[in-house]
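Student: Please find one structure pasted underneath; my questions will follow.
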Amino acid sequence: SFSYAENQVLKGFELHIPAGDRVALTGRSGVGKSSVAELLLRFREYKGSIRFGGRELRDYAADDLRSSISALPQKPHLFNSTIRENIMVANSEASAEELANVLFDAVLDEWIAALPEGLDTRVGEEGGEISGGEARRVALARILLKDAPFYILDEPTEGLDAATEKLLLARIDKRLKGKSLLLITHRP
């Protein structure tokens, strides 16, 4: 169970995601979908039990838990820096090939190739120099570079046109084979 002040958002909520499975959590805005992601990342306290890998979530050190989960929040943060730096923060040791692969999978490769400064393009404060869809995909590339066993994607296709959405979902599907995935969306 989980509440914001007096507003109970989740009551008796149960969800089981076996290792390597994919689950879509859908519903209208405001029903607690993003709250589930925040609970799994231990950003909020809850009543009851949440188990991850057979262990109670509260028993994990925050850093240990977050190293096992790669999450794209509904409103991802971008640093006032370059595209490259915003992605590489997830894995500063990543090779050029690994970076190219996540750019492809996040459907950023052609857009970045067309930019005069490419990966060295600055995104501005909170990504204000790029579109919302581009900002989400830069944040998505960052979490894909982390390569965790469990992914939480909260509205990953928000702000994308239908063709880009379809391509992105196909590439994510292929890339995350064998990984656990919780996909949160208000759209079926």
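Lettering and numbering for the structure tokens are positional, with chains as A, B, ... in the shown order, residues counted from 1 in each chain, and ligands counted from 1 in the shown order.
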Could you give me, as a PyMOL selection string, the residues within 8 Å of range 146-152 of chain A, counting only C-alpha atoms and dropping anything in the same chain fewer than 4 positions from it?
Tutor: chain A and resi 37+67-73+90-91+142+179-184
Student: Write out the residues from the selection above, keeping N, CA and C atoms, as a PDB file, in the first residue's frame.
Tutor:
ATOM      1  N   ALA A  37       6.884   2.648  -9.852  1.00  0.00           N
ATOM      2  CA  ALA A  37       8.300   2.792 -10.205  1.00  0.00           C
ATOM      3  C   ALA A  37       9.074   3.449  -9.066  1.00  0.00           C
ATOM      4  N   SER A  67      21.885  -0.231  -8.724  1.00  0.00           N
ATOM      5  CA  SER A  67      22.803  -0.801  -9.707  1.00  0.00           C
ATOM      6  C   SER A  67      22.164  -1.982 -10.438  1.00  0.00           C
ATOM      7  N   SER A  68      21.103  -2.550  -9.868  1.00  0.00           N
ATOM      8  CA  SER A  68      20.408  -3.674 -10.486  1.00  0.00           C
ATOM      9  C   SER A  68      19.214  -3.243 -11.324  1.00  0.00           C
ATOM     10  N   ILE A  69      18.811  -1.979 -11.171  1.00  0.00           N
ATOM     11  CA  ILE A  69      17.634  -1.475 -11.879  1.00  0.00           C
ATOM     12  C   ILE A  69      18.046  -0.265 -12.713  1.00  0.00           C
ATOM     13  N   SER A  70      17.631  -0.283 -13.959  1.00  0.00           N
ATOM     14  CA  SER A  70      17.865   0.856 -14.833  1.00  0.00           C
ATOM     15  C   SER A  70      16.501   1.449 -15.163  1.00  0.00           C
ATOM     16  N   ALA A  71      16.284   2.697 -14.771  1.00  0.00           N
ATOM     17  CA  ALA A  71      14.939   3.268 -14.865  1.00  0.00           C
ATOM     18  C   ALA A  71      14.902   4.552 -15.679  1.00  0.00           C
ATOM     19  N   LEU A  72      13.912   4.623 -16.545  1.00  0.00           N
ATOM     20  CA  LEU A  72      13.599   5.844 -17.277  1.00  0.00           C
ATOM     21  C   LEU A  72      12.367   6.439 -16.603  1.00  0.00           C
ATOM     22  N   PRO A  73      12.538   7.509 -15.831  1.00  0.00           N
ATOM     23  CA  PRO A  73      11.372   8.098 -15.162  1.00  0.00           C
ATOM     24  C   PRO A  73      10.483   8.845 -16.147  1.00  0.00           C
ATOM     25  N   ALA A  90      26.122   7.080 -17.356  1.00  0.00           N
ATOM     26  CA  ALA A  90      25.695   5.745 -16.935  1.00  0.00           C
ATOM     27  C   ALA A  90      26.845   4.744 -16.934  1.00  0.00           C
ATOM     28  N   ASN A  91      27.831   4.969 -17.811  1.00  0.00           N
ATOM     29  CA  ASN A  91      28.960   4.043 -17.918  1.00  0.00           C
ATOM     30  C   ASN A  91      30.107   4.773 -18.607  1.00  0.00           C
ATOM     31  N   ARG A 142      20.886   6.594 -22.127  1.00  0.00           N
ATOM     32  CA  ARG A 142      21.675   6.540 -20.884  1.00  0.00           C
ATOM     33  C   ARG A 142      21.337   5.278 -20.099  1.00  0.00           C
ATOM     34  N   LYS A 179      15.977  -9.727 -20.343  1.00  0.00           N
ATOM     35  CA  LYS A 179      15.985  -8.804 -19.200  1.00  0.00           C
ATOM     36  C   LYS A 179      14.557  -8.678 -18.668  1.00  0.00           C
ATOM     37  N   SER A 180      14.436  -8.356 -17.409  1.00  0.00           N
ATOM     38  CA  SER A 180      13.117  -8.079 -16.835  1.00  0.00           C
ATOM     39  C   SER A 180      12.733  -6.646 -17.190  1.00  0.00           C
ATOM     40  N   LEU A 181      11.463  -6.445 -17.524  1.00  0.00           N
ATOM     41  CA  LEU A 181      11.010  -5.120 -17.952  1.00  0.00           C
ATOM     42  C   LEU A 181       9.636  -4.812 -17.387  1.00  0.00           C
ATOM     43  N   LEU A 182       9.525  -3.639 -16.778  1.00  0.00           N
ATOM     44  CA  LEU A 182       8.232  -3.082 -16.383  1.00  0.00           C
ATOM     45  C   LEU A 182       8.020  -1.854 -17.251  1.00  0.00           C
ATOM     46  N   LEU A 183       7.054  -1.937 -18.150  1.00  0.00           N
ATOM     47  CA  LEU A 183       6.725  -0.837 -19.047  1.00  0.00           C
ATOM     48  C   LEU A 183       5.484  -0.156 -18.514  1.00  0.00           C
ATOM     49  N   ILE A 184       5.598   1.127 -18.184  1.00  0.00           N
ATOM     50  CA  ILE A 184       4.483   1.896 -17.632  1.00  0.00           C
ATOM     51  C   ILE A 184       3.985   2.850 -18.700  1.00  0.00           C
TER      52      ILE A 184
END
Student: I need the residues in chain A that are alpha helix (DSSP H) according to DSSP; give them as a ChimeraX atom specification.
Tutor: /A:33-40,62-68,83-88,96-105,109-114,132-146,162-175
Student: List the spatial neighbours of range 1-16 of chain A as a list in words - criterion: any atom at most 8 Å away, only C-alpha atoms, same-chain residues fewer than 3 positions off excluded.
Tutor: Val31, Gly32, Glu45, Tyr46, Lys47 and Gly48 of chain A
Student: For those residues, write N, CA, C and O atoms to a file as a PDB file, in the first residue's frame.
Tutor:
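This went into selection24.pdb:
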ATOM      1  N   VAL A  31      -3.469   7.077 -11.503  1.00  0.00           N
ATOM      2  CA  VAL A  31      -3.885   5.883 -10.765  1.00  0.00           C
ATOM      3  C   VAL A  31      -2.736   5.209 -10.004  1.00  0.00           C
ATOM      4  O   VAL A  31      -2.953   4.208  -9.344  1.00  0.00           O
ATOM      5  N   GLY A  32      -1.518   5.752 -10.102  1.00  0.00           N
ATOM      6  CA  GLY A  32      -0.407   5.215  -9.319  1.00  0.00           C
ATOM      7  C   GLY A  32       0.641   4.444 -10.094  1.00  0.00           C
ATOM      8  O   GLY A  32       1.513   3.834  -9.491  1.00  0.00           O
ATOM      9  N   GLU A  45       8.433   5.512   0.699  1.00  0.00           N
ATOM     10  CA  GLU A  45       8.178   4.447   1.664  1.00  0.00           C
ATOM     11  C   GLU A  45       6.825   3.811   1.362  1.00  0.00           C
ATOM     12  O   GLU A  45       5.932   4.458   0.825  1.00  0.00           O
ATOM     13  N   TYR A  46       6.673   2.578   1.734  1.00  0.00           N
ATOM     14  CA  TYR A  46       5.450   1.831   1.462  1.00  0.00           C
ATOM     15  C   TYR A  46       5.094   0.969   2.669  1.00  0.00           C
ATOM     16  O   TYR A  46       5.923   0.724   3.542  1.00  0.00           O
ATOM     17  N   LYS A  47       3.866   0.501   2.682  1.00  0.00           N
ATOM     18  CA  LYS A  47       3.412  -0.459   3.685  1.00  0.00           C
ATOM     19  C   LYS A  47       3.272  -1.800   2.992  1.00  0.00           C
ATOM     20  O   LYS A  47       2.823  -1.868   1.855  1.00  0.00           O
ATOM     21  N   GLY A  48       3.663  -2.848   3.685  1.00  0.00           N
ATOM     22  CA  GLY A  48       3.593  -4.171   3.089  1.00  0.00           C
ATOM     23  C   GLY A  48       4.979  -4.644   2.709  1.00  0.00           C
ATOM     24  O   GLY A  48       5.970  -4.275   3.331  1.00  0.00           O
TER      25      GLY A  48
END
Student: Residues near Asn101 in chain A, anyone? I mean within 12 Å using only C-alpha atoms, not counting same-chain ones fewer than 3 positions away, as a compact mmCIF listing (two decimals) with N, CA, C and O atoms, in the first residue's frame.
Tutor:
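Result saved to selection.txt:
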# COMPACT_ATOMS: atom_id res chain seq x y z
N ALA A 94 32.28 2.97 -21.25
CA ALA A 94 31.68 2.36 -22.44
C ALA A 94 32.52 2.65 -23.68
O ALA A 94 33.09 3.74 -23.84
N SER A 95 32.57 1.68 -24.55
CA SER A 95 33.32 1.82 -25.80
C SER A 95 32.51 2.64 -26.81
O SER A 95 31.30 2.83 -26.66
N ALA A 96 33.18 3.05 -27.87
CA ALA A 96 32.51 3.78 -28.95
C ALA A 96 31.43 2.90 -29.58
O ALA A 96 30.36 3.38 -29.96
N GLU A 97 31.70 1.60 -29.68
CA GLU A 97 30.71 0.67 -30.24
C GLU A 97 29.49 0.56 -29.33
O GLU A 97 28.35 0.56 -29.82
N GLU A 98 29.70 0.47 -28.04
CA GLU A 98 28.57 0.40 -27.10
C GLU A 98 27.73 1.67 -27.19
O GLU A 98 26.49 1.61 -27.18
N PHE A 104 21.62 3.84 -31.61
CA PHE A 104 20.77 3.17 -32.59
C PHE A 104 19.48 2.69 -31.93
O PHE A 104 18.38 2.94 -32.43
N ASP A 105 19.63 2.00 -30.80
CA ASP A 105 18.46 1.42 -30.13
C ASP A 105 17.50 2.49 -29.62
O ASP A 105 16.29 2.25 -29.55
N ALA A 106 18.00 3.66 -29.27
CA ALA A 106 17.15 4.76 -28.81
C ALA A 106 16.67 5.64 -29.98
O ALA A 106 16.08 6.69 -29.77
N VAL A 107 16.93 5.22 -31.20
CA VAL A 107 16.55 5.92 -32.42
C VAL A 107 17.07 7.36 -32.40
O VAL A 107 16.37 8.31 -32.70
N LEU A 108 18.33 7.49 -32.03
CA LEU A 108 18.99 8.79 -31.99
C LEU A 108 20.09 8.93 -33.03
O LEU A 108 20.56 10.03 -33.30
N ASP A 109 20.50 7.83 -33.61
CA ASP A 109 21.68 7.82 -34.48
C ASP A 109 21.58 8.78 -35.67
O ASP A 109 22.49 9.58 -35.90
N ALA A 141 18.79 6.28 -23.90
CA ALA A 141 20.12 5.79 -24.28
C ALA A 141 21.00 5.64 -23.05
O ALA A 141 21.76 4.68 -22.92
N ARG A 142 20.89 6.59 -22.13
CA ARG A 142 21.68 6.54 -20.88
C ARG A 142 21.34 5.28 -20.10
O ARG A 142 22.23 4.58 -19.64
N LEU A 144 20.00 2.51 -21.17
CA LEU A 144 20.38 1.31 -21.92
C LEU A 144 21.88 1.04 -21.79
O LEU A 144 22.32 -0.10 -21.78
N LEU A 145 22.67 2.10 -21.69
CA LEU A 145 24.12 1.95 -21.55
C LEU A 145 24.49 1.34 -20.21
O LEU A 145 25.54 0.72 -20.06
N ASP A 147 23.05 -1.22 -18.73
CA ASP A 147 22.97 -2.67 -18.87
C ASP A 147 22.68 -3.38 -17.55
O ASP A 147 23.47 -4.17 -17.06
N ARG A 171 13.17 -1.88 -31.34
CA ARG A 171 14.59 -1.94 -30.97
C ARG A 171 14.77 -2.24 -29.49
O ARG A 171 15.66 -3.00 -29.11
N ILE A 172 13.92 -1.67 -28.65
CA ILE A 172 13.98 -1.96 -27.21
C ILE A 172 13.64 -3.43 -26.98
O ILE A 172 14.30 -4.11 -26.18
N LYS A 174 14.14 -5.96 -28.91
CA LYS A 174 15.29 -6.79 -29.29
C LYS A 174 16.43 -6.64 -28.28
O LYS A 174 17.03 -7.62 -27.86
N ARG A 175 16.74 -5.40 -27.89
CA ARG A 175 17.86 -5.15 -26.99
C ARG A 175 17.66 -5.77 -25.61
O ARG A 175 18.61 -6.24 -24.99
